[in-house]
>>> print(open('run_36.csv').read())   # CSV, C-alpha atoms (C1' of nucleotides)
chain,number,residue,atom,x,y,z
A,570,MET,CA,0.0,0.0,0.0
A,571,ALA,CA,3.0,2.2,0.0
A,572,THR,CA,2.5,3.0,-3.7
A,573,ARG,CA,3.2,6.7,-3.9
A,574,GLU,CA,1.8,8.3,-7.0
A,575,GLU,CA,4.0,10.9,-8.6
A,576,PRO,CA,2.0,14.1,-8.9
A,577,PRO,CA,1.6,14.8,-12.7
A,578,ARG,CA,3.5,18.1,-12.3
A,579,VAL,CA,6.0,18.9,-15.0
A,580,VAL,CA,6.6,22.4,-13.8
A,581,ALA,CA,7.9,24.0,-10.7
A,582,GLN,CA,6.1,25.1,-7.6
A,583,GLU,CA,3.4,27.6,-8.8
A,584,GLY,CA,4.9,31.0,-8.8
A,585,LEU,CA,8.5,30.0,-8.4
A,586,VAL,CA,9.3,30.5,-12.0
A,587,ASP,CA,7.7,33.9,-12.0
A,588,ALA,CA,9.7,34.9,-9.0
A,589,LEU,CA,12.9,33.6,-10.5
A,590,VAL,CA,12.3,35.5,-13.8
A,591,GLN,CA,11.4,38.7,-12.0
A,592,ILE,CA,14.4,38.7,-9.7
A,593,SER,CA,16.6,37.9,-12.7
A,594,PHE,CA,15.3,40.9,-14.6
A,595,VAL,CA,15.9,43.1,-11.5
A,596,THR,CA,19.4,41.8,-11.2
A,597,MET,CA,20.1,42.3,-14.9
A,598,ALA,CA,18.7,45.8,-14.7
A,599,VAL,CA,21.2,46.5,-11.8
A,600,LEU,CA,24.1,45.1,-13.8
A,601,SER,CA,23.0,47.1,-16.9
A,602,LYS,CA,22.9,50.2,-14.9
A,603,VAL,CA,26.3,49.7,-13.3
A,604,GLY,CA,27.7,48.9,-16.8
A,605,ALA,CA,26.0,51.9,-18.4
A,606,GLU,CA,27.7,54.2,-15.9
A,607,HIS,CA,31.0,53.0,-17.3
A,608,ASP,CA,29.7,53.0,-20.9
A,609,LEU,CA,29.7,49.2,-20.9
A,610,SER,CA,27.0,46.9,-22.2
A,611,LEU,CA,25.9,43.8,-20.3
A,612,THR,CA,28.1,41.7,-22.6
A,613,GLN,CA,31.1,43.8,-22.1
A,614,LEU,CA,30.5,43.6,-18.4
A,615,ARG,CA,30.5,39.8,-18.6
A,616,VAL,CA,33.7,39.8,-20.6
A,617,LEU,CA,35.5,41.9,-17.9
A,618,GLY,CA,34.0,39.5,-15.3
A,619,ILE,CA,35.2,36.5,-17.0
A,620,LEU,CA,38.7,37.8,-17.6
A,621,ARG,CA,39.0,39.0,-14.1
A,622,ASP,CA,40.9,35.9,-13.1
A,623,ARG,CA,41.6,34.3,-16.5
A,624,ARG,CA,43.4,34.6,-19.8
A,625,VAL,CA,41.4,32.8,-22.4
A,626,ARG,CA,41.4,32.4,-26.2
A,627,MET,CA,38.8,34.0,-28.4
A,628,SER,CA,36.9,30.8,-29.0
A,629,ARG,CA,36.7,30.0,-25.3
A,630,LEU,CA,35.3,33.4,-24.6
A,631,ALA,CA,32.7,32.9,-27.3
A,632,ASP,CA,31.8,29.6,-25.6
A,633,TYR,CA,31.4,31.2,-22.2
A,634,LEU,CA,29.1,33.8,-23.6
A,635,GLY,CA,27.3,31.6,-25.9
A,636,LEU,CA,28.1,33.8,-28.9
A,637,GLU,CA,29.6,33.3,-32.3
A,638,LYS,CA,33.4,33.8,-32.8
A,639,SER,CA,32.6,36.5,-35.4
A,640,THR,CA,30.7,38.4,-32.7
A,641,MET,CA,33.7,38.2,-30.4
A,642,THR,CA,35.9,39.9,-32.9
A,643,GLY,CA,33.9,43.1,-32.8
A,644,LEU,CA,33.3,42.9,-29.1
A,645,VAL,CA,37.0,42.5,-28.3
A,646,ASP,CA,37.9,45.1,-31.0
A,647,ARG,CA,35.9,47.7,-29.2
A,648,ALA,CA,37.1,46.8,-25.8
A,649,GLU,CA,40.7,46.7,-27.0
A,650,LYS,CA,40.3,50.1,-28.6
A,651,ARG,CA,39.2,51.5,-25.3
A,652,GLY,CA,42.2,50.0,-23.6
A,653,LEU,CA,40.3,47.6,-21.4
A,654,LEU,CA,41.8,44.4,-22.7
A,655,GLU,CA,44.6,43.1,-24.9
A,656,ARG,CA,45.2,40.4,-27.5
A,657,ALA,CA,48.2,38.3,-27.8
A,658,PRO,CA,49.0,35.3,-30.0
A,659,SER,CA,48.8,32.0,-28.2
A,660,ALA,CA,52.1,30.4,-27.4
A,661,SER,CA,50.8,26.9,-27.9
A,662,ASP,CA,48.6,27.3,-31.0
A,663,GLY,CA,49.6,29.4,-33.9
A,664,ARG,CA,45.9,29.9,-34.9
A,665,ALA,CA,44.7,31.0,-31.5
A,666,VAL,CA,44.6,34.5,-29.9
A,667,ASP,CA,44.6,35.0,-26.2
A,668,VAL,CA,42.6,37.8,-24.6
A,669,PHE,CA,43.3,39.3,-21.1
A,670,LEU,CA,42.6,42.4,-19.1
A,671,SER,CA,44.9,45.4,-19.4
A,672,PRO,CA,46.0,47.0,-16.1
A,673,GLY,CA,43.4,49.7,-16.7
A,674,GLY,CA,40.8,47.1,-17.5
A,675,ALA,CA,41.5,45.2,-14.3
A,676,ASP,CA,41.0,48.4,-12.4
A,677,VAL,CA,37.6,48.9,-14.1
A,678,ALA,CA,36.6,45.3,-13.4
A,679,GLU,CA,37.3,45.6,-9.7
A,680,ARG,CA,35.4,48.8,-9.4
A,681,LEU,CA,32.5,47.3,-11.3
A,682,TYR,CA,32.4,44.3,-9.1
A,683,ALA,CA,32.4,46.4,-5.9
A,684,GLN,CA,29.7,48.6,-7.3
A,685,VAL,CA,27.5,45.6,-8.2
A,686,GLU,CA,27.7,44.4,-4.7
A,687,ARG,CA,26.8,47.8,-3.3
A,688,SER,CA,23.9,48.2,-5.7
A,689,LEU,CA,22.4,44.9,-4.8
A,690,ALA,CA,23.0,45.2,-1.1
A,691,PRO,CA,19.9,47.2,-0.3
A,692,MET,CA,17.8,44.5,-1.8
A,693,THR,CA,19.6,41.5,-0.4
A,694,GLY,CA,19.8,43.2,2.9
A,695,GLU,CA,16.0,42.9,3.2
A,696,LEU,CA,16.5,39.3,4.2
A,697,GLY,CA,18.7,39.6,7.2
A,698,PRO,CA,21.8,37.4,7.8
A,699,ALA,CA,19.9,34.1,8.2
A,700,GLY,CA,17.7,34.6,5.2
A,701,GLN,CA,20.7,35.6,3.1
A,702,ARG,CA,22.5,32.4,4.1
A,703,ARG,CA,19.5,30.3,3.2
A,704,LEU,CA,19.0,32.0,-0.1
A,705,GLN,CA,22.6,31.6,-1.0
A,706,SER,CA,22.5,27.9,-0.1
A,707,LEU,CA,19.4,27.4,-2.3
A,708,LEU,CA,20.8,29.3,-5.2
A,709,GLU,CA,24.0,27.4,-5.1
A,710,GLN,CA,22.1,24.2,-5.3
A,711,LEU,CA,20.5,25.5,-8.5
A,712,ILE,CA,23.8,26.6,-9.9
A,713,GLY,CA,25.3,23.2,-9.2
A,714,PHE,CA,22.7,21.7,-11.4
A,715,ASP,CA,23.0,24.1,-14.3
A,716,SER,CA,24.5,22.9,-17.5
A,717,LEU,CA,24.9,26.2,-19.2
A,718,GLY,CA,27.5,28.1,-17.2
A,719,GLY,CA,28.1,31.8,-17.0
B,34,MET,CA,27.8,44.3,28.2
B,35,ALA,CA,25.3,43.5,25.6
B,36,THR,CA,26.6,46.1,23.2
B,37,ARG,CA,26.6,44.4,19.9
B,38,GLU,CA,28.8,46.0,17.3
B,39,GLU,CA,27.3,46.3,13.8
B,40,PRO,CA,29.8,44.6,11.5
B,41,PRO,CA,31.1,47.3,9.1
B,42,ARG,CA,29.6,45.3,6.2
B,43,VAL,CA,28.1,47.4,3.4
B,44,VAL,CA,27.6,44.5,1.1
B,45,ALA,CA,25.7,41.3,1.2
B,46,GLN,CA,26.7,37.9,2.7
B,47,GLU,CA,29.9,36.9,1.0
B,48,GLY,CA,29.0,34.9,-2.1
B,49,LEU,CA,25.3,35.8,-2.3
B,50,VAL,CA,25.7,38.4,-4.9
B,51,ASP,CA,27.8,36.0,-7.0
B,52,ALA,CA,25.1,33.4,-6.7
B,53,LEU,CA,22.3,35.8,-7.6
B,54,VAL,CA,24.2,37.1,-10.6
B,55,GLN,CA,25.0,33.6,-11.8
B,56,ILE,CA,21.5,32.3,-11.5
B,57,SER,CA,20.2,35.4,-13.2
B,58,PHE,CA,22.5,34.8,-16.2
B,59,VAL,CA,21.3,31.2,-16.3
B,60,THR,CA,17.6,32.3,-16.2
B,61,MET,CA,18.3,34.9,-18.9
B,62,ALA,CA,20.0,32.3,-21.1
B,63,VAL,CA,16.9,30.0,-20.8
B,64,LEU,CA,14.6,32.9,-21.7
B,65,SER,CA,16.8,33.9,-24.6
B,66,LYS,CA,16.8,30.3,-25.9
B,67,VAL,CA,13.1,29.9,-25.6
B,68,GLY,CA,12.7,33.3,-27.4
B,69,ALA,CA,15.2,32.4,-30.1
B,70,GLU,CA,13.2,29.3,-30.9
B,71,HIS,CA,10.4,31.6,-31.9
B,72,ASP,CA,12.7,34.2,-33.4
B,73,LEU,CA,12.1,36.5,-30.5
B,74,SER,CA,14.6,38.6,-28.7
B,75,LEU,CA,14.6,38.9,-24.9
B,76,THR,CA,13.0,42.3,-25.3
B,77,GLN,CA,10.3,41.0,-27.6
B,78,LEU,CA,9.7,38.2,-25.1
B,79,ARG,CA,9.2,40.7,-22.3
B,80,VAL,CA,6.8,42.7,-24.5
B,81,LEU,CA,4.6,39.7,-25.0
B,82,GLY,CA,4.8,38.9,-21.3
B,83,ILE,CA,3.8,42.4,-20.3
B,84,LEU,CA,0.9,42.4,-22.8
B,85,ARG,CA,-0.3,39.0,-21.8
B,86,ASP,CA,-2.9,40.5,-19.5
B,87,ARG,CA,-2.8,44.2,-20.3
B,88,ARG,CA,-3.4,46.8,-23.0
B,89,VAL,CA,-1.0,49.7,-22.5
B,90,ARG,CA,0.0,52.8,-24.4
B,91,MET,CA,3.5,53.0,-26.0
B,92,SER,CA,4.9,55.3,-23.4
B,93,ARG,CA,3.8,52.9,-20.6
B,94,LEU,CA,5.5,50.0,-22.4
B,95,ALA,CA,8.7,52.0,-22.6
B,96,ASP,CA,8.5,52.7,-18.9
B,97,TYR,CA,8.0,49.0,-18.1
B,98,LEU,CA,11.0,48.1,-20.2
B,99,GLY,CA,13.2,51.1,-19.3
B,100,LEU,CA,13.6,52.1,-22.9
B,101,GLU,CA,13.1,55.2,-24.9
B,102,LYS,CA,9.9,55.8,-26.8
B,103,SER,CA,11.7,55.9,-30.1
B,104,THR,CA,13.0,52.4,-29.3
B,105,MET,CA,9.5,51.2,-28.8
B,106,THR,CA,8.4,52.4,-32.2
B,107,GLY,CA,10.8,50.0,-34.0
B,108,LEU,CA,10.2,47.2,-31.5
B,109,VAL,CA,6.4,47.4,-31.9
B,110,ASP,CA,6.7,48.0,-35.7
B,111,ARG,CA,8.5,44.7,-36.1
B,112,ALA,CA,6.2,42.7,-33.8
B,113,GLU,CA,3.2,44.2,-35.5
B,114,LYS,CA,4.5,43.4,-38.9
B,115,ARG,CA,4.8,39.8,-37.7
B,116,GLY,CA,1.2,39.8,-36.6
B,117,LEU,CA,2.0,39.4,-32.9
B,118,LEU,CA,0.5,42.6,-31.6
B,119,GLU,CA,-1.6,45.5,-32.8
B,120,ARG,CA,-1.8,49.3,-32.4
B,121,ALA,CA,-5.0,51.3,-31.9
B,122,PRO,CA,-5.5,55.0,-31.1
B,123,SER,CA,-6.3,55.6,-27.5
B,124,ALA,CA,-10.0,56.5,-26.9
B,125,SER,CA,-9.1,58.9,-24.1
B,126,ASP,CA,-6.1,60.7,-25.5
B,127,GLY,CA,-5.8,61.7,-29.1
B,128,ARG,CA,-2.0,61.6,-28.9
B,129,ALA,CA,-1.7,58.2,-27.4
B,130,VAL,CA,-1.5,54.8,-29.1
B,131,ASP,CA,-2.6,51.6,-27.3
B,132,VAL,CA,-0.7,48.3,-27.9
B,133,PHE,CA,-2.2,44.9,-27.3
B,134,LEU,CA,-1.7,41.3,-28.3
B,135,SER,CA,-3.3,39.9,-31.5
B,136,PRO,CA,-5.0,36.5,-31.1
B,137,GLY,CA,-2.0,35.0,-32.7
B,138,GLY,CA,0.3,36.9,-30.4
B,139,ALA,CA,-1.7,35.7,-27.4
B,140,ASP,CA,-1.2,32.1,-28.6
B,141,VAL,CA,2.5,32.6,-28.9
B,142,ALA,CA,2.7,34.2,-25.5
B,143,GLU,CA,1.0,31.3,-23.8
B,144,ARG,CA,3.2,28.8,-25.5
B,145,LEU,CA,6.3,30.8,-24.5
B,146,TYR,CA,5.2,31.0,-20.9
B,147,ALA,CA,4.6,27.2,-20.7
B,148,GLN,CA,7.9,26.6,-22.4
B,149,VAL,CA,9.8,28.8,-19.9
B,150,GLU,CA,8.2,26.8,-17.1
B,151,ARG,CA,9.2,23.5,-18.6
B,152,SER,CA,12.7,24.7,-19.4
B,153,LEU,CA,13.4,25.9,-15.9
B,154,ALA,CA,11.7,22.9,-14.2
B,155,PRO,CA,14.7,20.5,-14.4
B,156,MET,CA,16.7,23.1,-12.5
B,157,THR,CA,14.2,24.2,-9.9
B,158,GLY,CA,13.2,20.6,-9.4
B,159,GLU,CA,16.6,20.0,-7.9
B,160,LEU,CA,15.3,21.6,-4.7
B,161,GLY,CA,12.4,19.5,-3.9
B,162,PRO,CA,9.0,20.8,-2.9
B,163,ALA,CA,10.1,22.3,0.5
B,164,GLY,CA,13.2,23.9,-1.0
B,165,GLN,CA,11.1,25.4,-3.8
B,166,ARG,CA,8.7,26.9,-1.3
B,167,ARG,CA,11.5,28.4,0.7
B,168,LEU,CA,13.2,29.8,-2.3
B,169,GLN,CA,10.0,31.3,-3.6
B,170,SER,CA,9.3,32.9,-0.3
B,171,LEU,CA,12.8,34.4,-0.1
B,172,LEU,CA,12.7,35.7,-3.7
B,173,GLU,CA,9.3,37.2,-3.1
B,174,GLN,CA,10.7,39.1,-0.2
B,175,LEU,CA,13.4,40.5,-2.5
B,176,ILE,CA,10.9,41.4,-5.2
B,177,GLY,CA,8.8,43.2,-2.7
B,178,PHE,CA,11.7,45.5,-2.0
B,179,ASP,CA,12.6,46.2,-5.5
B,180,SER,CA,11.9,49.6,-6.9
B,181,LEU,CA,12.6,48.9,-10.6
B,182,GLY,CA,9.8,46.5,-11.6
B,183,GLY,CA,9.7,44.2,-14.6
C,999,DT,C1',40.5,18.1,-43.4
C,1000,DA,C1',39.3,20.6,-39.3
C,1001,DT,C1',39.9,24.5,-36.4
C,1002,DT,C1',40.9,29.6,-35.2
C,1003,DG,C1',40.0,33.9,-36.1
C,1004,DT,C1',38.8,37.8,-39.2
C,1005,DT,C1',36.1,40.1,-42.8
C,1006,DA,C1',31.9,41.3,-45.2
C,1007,DT,C1',27.2,41.8,-44.9
C,1008,DA,C1',22.7,42.4,-42.9
C,1009,DC,C1',19.4,42.9,-39.3
C,1010,DT,C1',18.0,44.0,-34.5
C,1011,DC,C1',18.4,46.9,-30.5
C,1012,DT,C1',19.3,51.1,-28.6
C,1013,DA,C1',19.8,56.3,-27.9
C,1014,DT,C1',19.7,61.3,-29.3
C,1015,DA,C1',17.7,65.0,-31.7
C,1016,DA,C1',14.2,67.0,-34.5
C,1017,DC,C1',9.5,66.8,-35.9
C,1018,DT,C1',4.1,66.5,-35.9
C,1019,DA,C1',-0.2,66.3,-33.6
C,1020,DT,C1',-2.7,66.7,-29.5
C,1021,DA,C1',-3.5,68.4,-24.7
D,266,DT,C1',4.0,74.8,-23.1
D,267,DA,C1',4.2,70.0,-22.3
D,268,DT,C1',3.3,65.3,-23.7
D,269,DA,C1',2.8,61.1,-27.1
D,270,DG,C1',4.6,59.1,-30.8
D,271,DT,C1',7.3,58.9,-35.2
D,272,DT,C1',11.3,59.7,-38.2
D,273,DA,C1',16.1,60.2,-39.1
D,274,DT,C1',20.5,58.9,-37.9
D,275,DA,C1',24.2,56.6,-35.8
D,276,DG,C1',26.5,53.0,-33.1
D,277,DA,C1',26.6,48.5,-30.7
D,278,DG,C1',25.4,43.7,-30.7
D,279,DT,C1',24.4,39.7,-33.1
D,280,DA,C1',24.5,35.9,-36.8
D,281,DT,C1',25.7,33.7,-41.4
D,282,DA,C1',28.8,32.9,-45.0
D,283,DA,C1',33.3,33.1,-47.1
D,284,DC,C1',38.1,33.5,-46.3
D,285,DA,C1',43.3,32.9,-44.7
D,286,DA,C1',46.4,30.7,-41.7
D,287,DT,C1',47.6,27.0,-38.9
D,288,DA,C1',47.0,22.2,-37.1
>>> encode(input="run_36.csv", output="structure tokens")
Amino acid sequence: MATREEPPRVVAQEGLVDALVQISFVTMAVLSKVGAEHDLSLTQLRVLGILRDRRVRMSRLADYLGLEKSTMTGLVDRAEKRGLLERAPSASDGRAVDVFLSPGGADVAERLYAQVERSLAPMTGELGPAGQRRLQSLLEQLIGFDSLGG
Amino acid sequence: MATREEPPRVVAQEGLVDALVQISFVTMAVLSKVGAEHDLSLTQLRVLGILRDRRVRMSRLADYLGLEKSTMTGLVDRAEKRGLLERAPSASDGRAVDVFLSPGGADVAERLYAQVERSLAPMTGELGPAGQRRLQSLLEQLIGFDSLGG
DNA sequence: TATTGTTATACTCTATAACTATA
DNA sequence: TATAGTTATAGAGTATAACAATA
């Protein structure tokens, strides 16, 4: 008699997806705004974030962002022209090009990161320390599952 | 001796912002992908989402999205040309133009919504029912605070 | 042959500035 | 005068297709 019927639910808890989508739009709006204050698009912001602790080749960067290599060329062109990052031929593969932050770009990246934290703090602060820890724990479980990366 | 010093923390719980940003990028990637399968940008997706249960004027739509009115013109032009939504002069203000979903657009919007739920379900399902409820509750607290809307 | 990156091209998204019509 | 929307223009972001250089 212990037969437990799976509820025929294919989707998440009612309302959870809405909440997730809404909070994501809010977070993106904050990121966009911080970026805009430095004349950076969301994508450029991500590039700086990715390169904060890595030196990667063009194709890898395209993979991280989910963009075509041809798109990367223009993106990196513009950022390079502004002195935020630099290109260098790969030592191990004559076809490849490595991309990395310039000293100035690293400065900007650090400032951006701090500013994002400050901008989101008023919102996350609503939860109090215990709520923040619980939220972080739940989000990290979700991230662990994810197969897309970012 | 019960003097409790406030820690000089201006930012959120270490790691929470990272988690929030990461999960937001994942969510946006899912939304983008679902939209792309219908040849819709993230912005077009949002427009359909907003109009799902509302008829609004151009300027209001621009406010919701945080975009200029001139940007709305092109956005609505393209969606209208594809038969997703329609324009009509406002009854109460001779200058204003109302925008609303066409029957076909409403169909697409419903399908998109269902697809987003299905696409996110494998991830949110990781938490189990109790975790999902806790996450939803925490996210809704954050949304309640937000001053940007979306 | 396959892969890496760039170039050429085209379309979408976005903003600023100038304009028309209505309030 | 101020507001709603469009048009004109320009730049960024994006993809597809064709190409050169290297593996």
>>> interface_residues(input="run_36.csv", of="chain B", to="chain A", cutoff="8 Å", atoms="only C-alpha atoms", output="PyMOL selection string")
chain B and resi 43-46+48-50+52-61+150-151+153-154+156-160+162+164-166+168-169+171-176+178-179+181-183
>>> interface_residues(input="run_36.csv", of="chain D", to="chain B", cutoff="9 Å", atoms="only C-alpha atoms (C1' of nucleotides)", output="list in words")
DT268, DA269, DG270, DT271 and DT272 of chain D
>>> atom_distance(input="run_36.csv", atom1="atom CA of B:Val89", atom2="atom CA of B:Arg120")
9.9 Å
>>> interface_residues(input="run_36.csv", of="chain C", to="chain A", cutoff="10 Å", atoms="all atoms listed in the file", output="PDB file with C-alpha atoms (C1' of nucleotides), in the coordinates of the input")
ATOM      1  C1'  DT C1001      39.900  24.500 -36.400  1.00  0.00           C
ATOM      2  C1'  DT C1002      40.900  29.600 -35.200  1.00  0.00           C
ATOM      3  C1'  DG C1003      40.000  33.900 -36.100  1.00  0.00           C
ATOM      4  C1'  DT C1004      38.800  37.800 -39.200  1.00  0.00           C
ATOM      5  C1'  DT C1005      36.100  40.100 -42.800  1.00  0.00           C
TER       6       DT C1005
END
>>> atom_distance(input="run_36.csv", atom1="atom CA of B:Leu134", atom2="atom C1' of C:DC1011")
21.0 Å
>>> atom_distance(input="run_36.csv", atom1="atom CA of B:Arg85", atom2="atom CA of B:Pro122")
19.2 Å
>>> residues_around(input="run_36.csv", residues="C:DT1014", least_positions_apart="2", cutoff="12 Å", atoms="only C-alpha atoms (C1' of nucleotides)", output="MDAnalysis selection string")
(chainID B and resid 101:104) or (chainID C and resid 1012 1016) or (chainID D and resid 273:276)
>>> closest_residue(input="run_36.csv", among="C:DT999, C:DT1018, C:DA1013, C:DT1007", to="D:DA283", atoms="only C-alpha atoms (C1' of nucleotides)")
C:DT1007
>>> residues_near_point(input="run_36.csv", point="(29.1, 39.0, -43.8)", cutoff="7 Å", atoms="only C-alpha atoms (C1' of nucleotides)", output="PyMOL selection string")
(chain C and resi 1006-1007) or (chain D and resi 281-282)
>>> write_last_selection(input="run_36.csv", atoms="C-alpha atoms (C1' of nucleotides)", output="PDB file, in the frame of the given file")
ATOM      1  C1'  DA C1006      31.900  41.300 -45.200  1.00  0.00           C
ATOM      2  C1'  DT C1007      27.200  41.800 -44.900  1.00  0.00           C
TER       3       DT C1007
ATOM      4  C1'  DT D 281      25.700  33.700 -41.400  1.00  0.00           C
ATOM      5  C1'  DA D 282      28.800  32.900 -45.000  1.00  0.00           C
TER       6       DA D 282
END
>>> build_atoms(input="run_36.csv", residues="stretch 685-693 of chain A", atoms="all heavy atoms", output="short mmCIF file (atom, residue, chain, number, x, y, z; two decimals), keeping the file's coordinate frame")
data_model
loop_
_atom_site.label_atom_id
_atom_site.label_comp_id
_atom_site.auth_asym_id
_atom_site.auth_seq_id
_atom_site.Cartn_x
_atom_site.Cartn_y
_atom_site.Cartn_z
N VAL A 685 28.58 46.57 -8.12
CA VAL A 685 27.50 45.60 -8.20
C VAL A 685 27.07 45.16 -6.83
O VAL A 685 25.89 45.11 -6.48
CB VAL A 685 27.82 44.44 -9.13
CG1 VAL A 685 26.80 43.32 -8.98
CG2 VAL A 685 27.90 44.89 -10.58
N GLU A 686 28.04 44.83 -6.02
CA GLU A 686 27.70 44.40 -4.70
C GLU A 686 27.01 45.48 -3.89
O GLU A 686 26.01 45.21 -3.22
CB GLU A 686 29.04 44.04 -3.92
CG GLU A 686 29.75 42.82 -4.48
CD GLU A 686 30.12 41.84 -3.38
OE1 GLU A 686 30.69 42.28 -2.38
OE2 GLU A 686 29.84 40.63 -3.54
N ARG A 687 27.49 46.70 -4.01
CA ARG A 687 26.80 47.80 -3.30
C ARG A 687 25.43 48.04 -3.81
O ARG A 687 24.52 48.33 -3.04
CB ARG A 687 27.66 49.10 -3.45
CG ARG A 687 28.82 49.23 -2.51
CD ARG A 687 29.29 50.68 -2.40
NE ARG A 687 29.57 51.26 -3.71
CZ ARG A 687 30.72 51.12 -4.37
NH1 ARG A 687 31.70 50.42 -3.83
NH2 ARG A 687 30.90 51.67 -5.54
N SER A 688 25.26 47.90 -5.13
CA SER A 688 23.90 48.20 -5.70
C SER A 688 22.91 47.14 -5.33
O SER A 688 21.72 47.45 -5.24
CB SER A 688 24.06 48.24 -7.24
OG SER A 688 24.97 49.24 -7.63
N LEU A 689 23.35 45.92 -5.13
CA LEU A 689 22.40 44.90 -4.80
C LEU A 689 22.20 44.74 -3.27
O LEU A 689 21.23 44.14 -2.82
CB LEU A 689 22.87 43.52 -5.36
CG LEU A 689 22.73 43.38 -6.88
CD1 LEU A 689 23.39 42.11 -7.37
CD2 LEU A 689 21.25 43.38 -7.29
N ALA A 690 23.10 45.34 -2.51
CA ALA A 690 23.00 45.20 -1.10
C ALA A 690 21.72 45.65 -0.44
O ALA A 690 21.18 44.95 0.42
CB ALA A 690 24.22 45.93 -0.42
N PRO A 691 21.18 46.81 -0.88
CA PRO A 691 19.90 47.20 -0.30
C PRO A 691 18.82 46.20 -0.42
O PRO A 691 17.99 46.02 0.47
CB PRO A 691 19.56 48.52 -1.04
CG PRO A 691 20.86 49.00 -1.59
CD PRO A 691 21.68 47.78 -1.86
N MET A 692 18.83 45.52 -1.56
CA MET A 692 17.80 44.50 -1.80
C MET A 692 18.08 43.24 -0.99
O MET A 692 17.21 42.78 -0.25
CB MET A 692 17.75 44.17 -3.30
CG MET A 692 16.64 43.22 -3.66
SD MET A 692 16.45 43.00 -5.43
CE MET A 692 17.81 41.90 -5.81
N THR A 693 19.28 42.70 -1.11
CA THR A 693 19.60 41.50 -0.40
C THR A 693 19.53 41.70 1.12
O THR A 693 19.21 40.79 1.88
CB THR A 693 20.98 40.94 -0.77
OG1 THR A 693 21.94 41.97 -0.56
CG2 THR A 693 21.03 40.53 -2.22
#
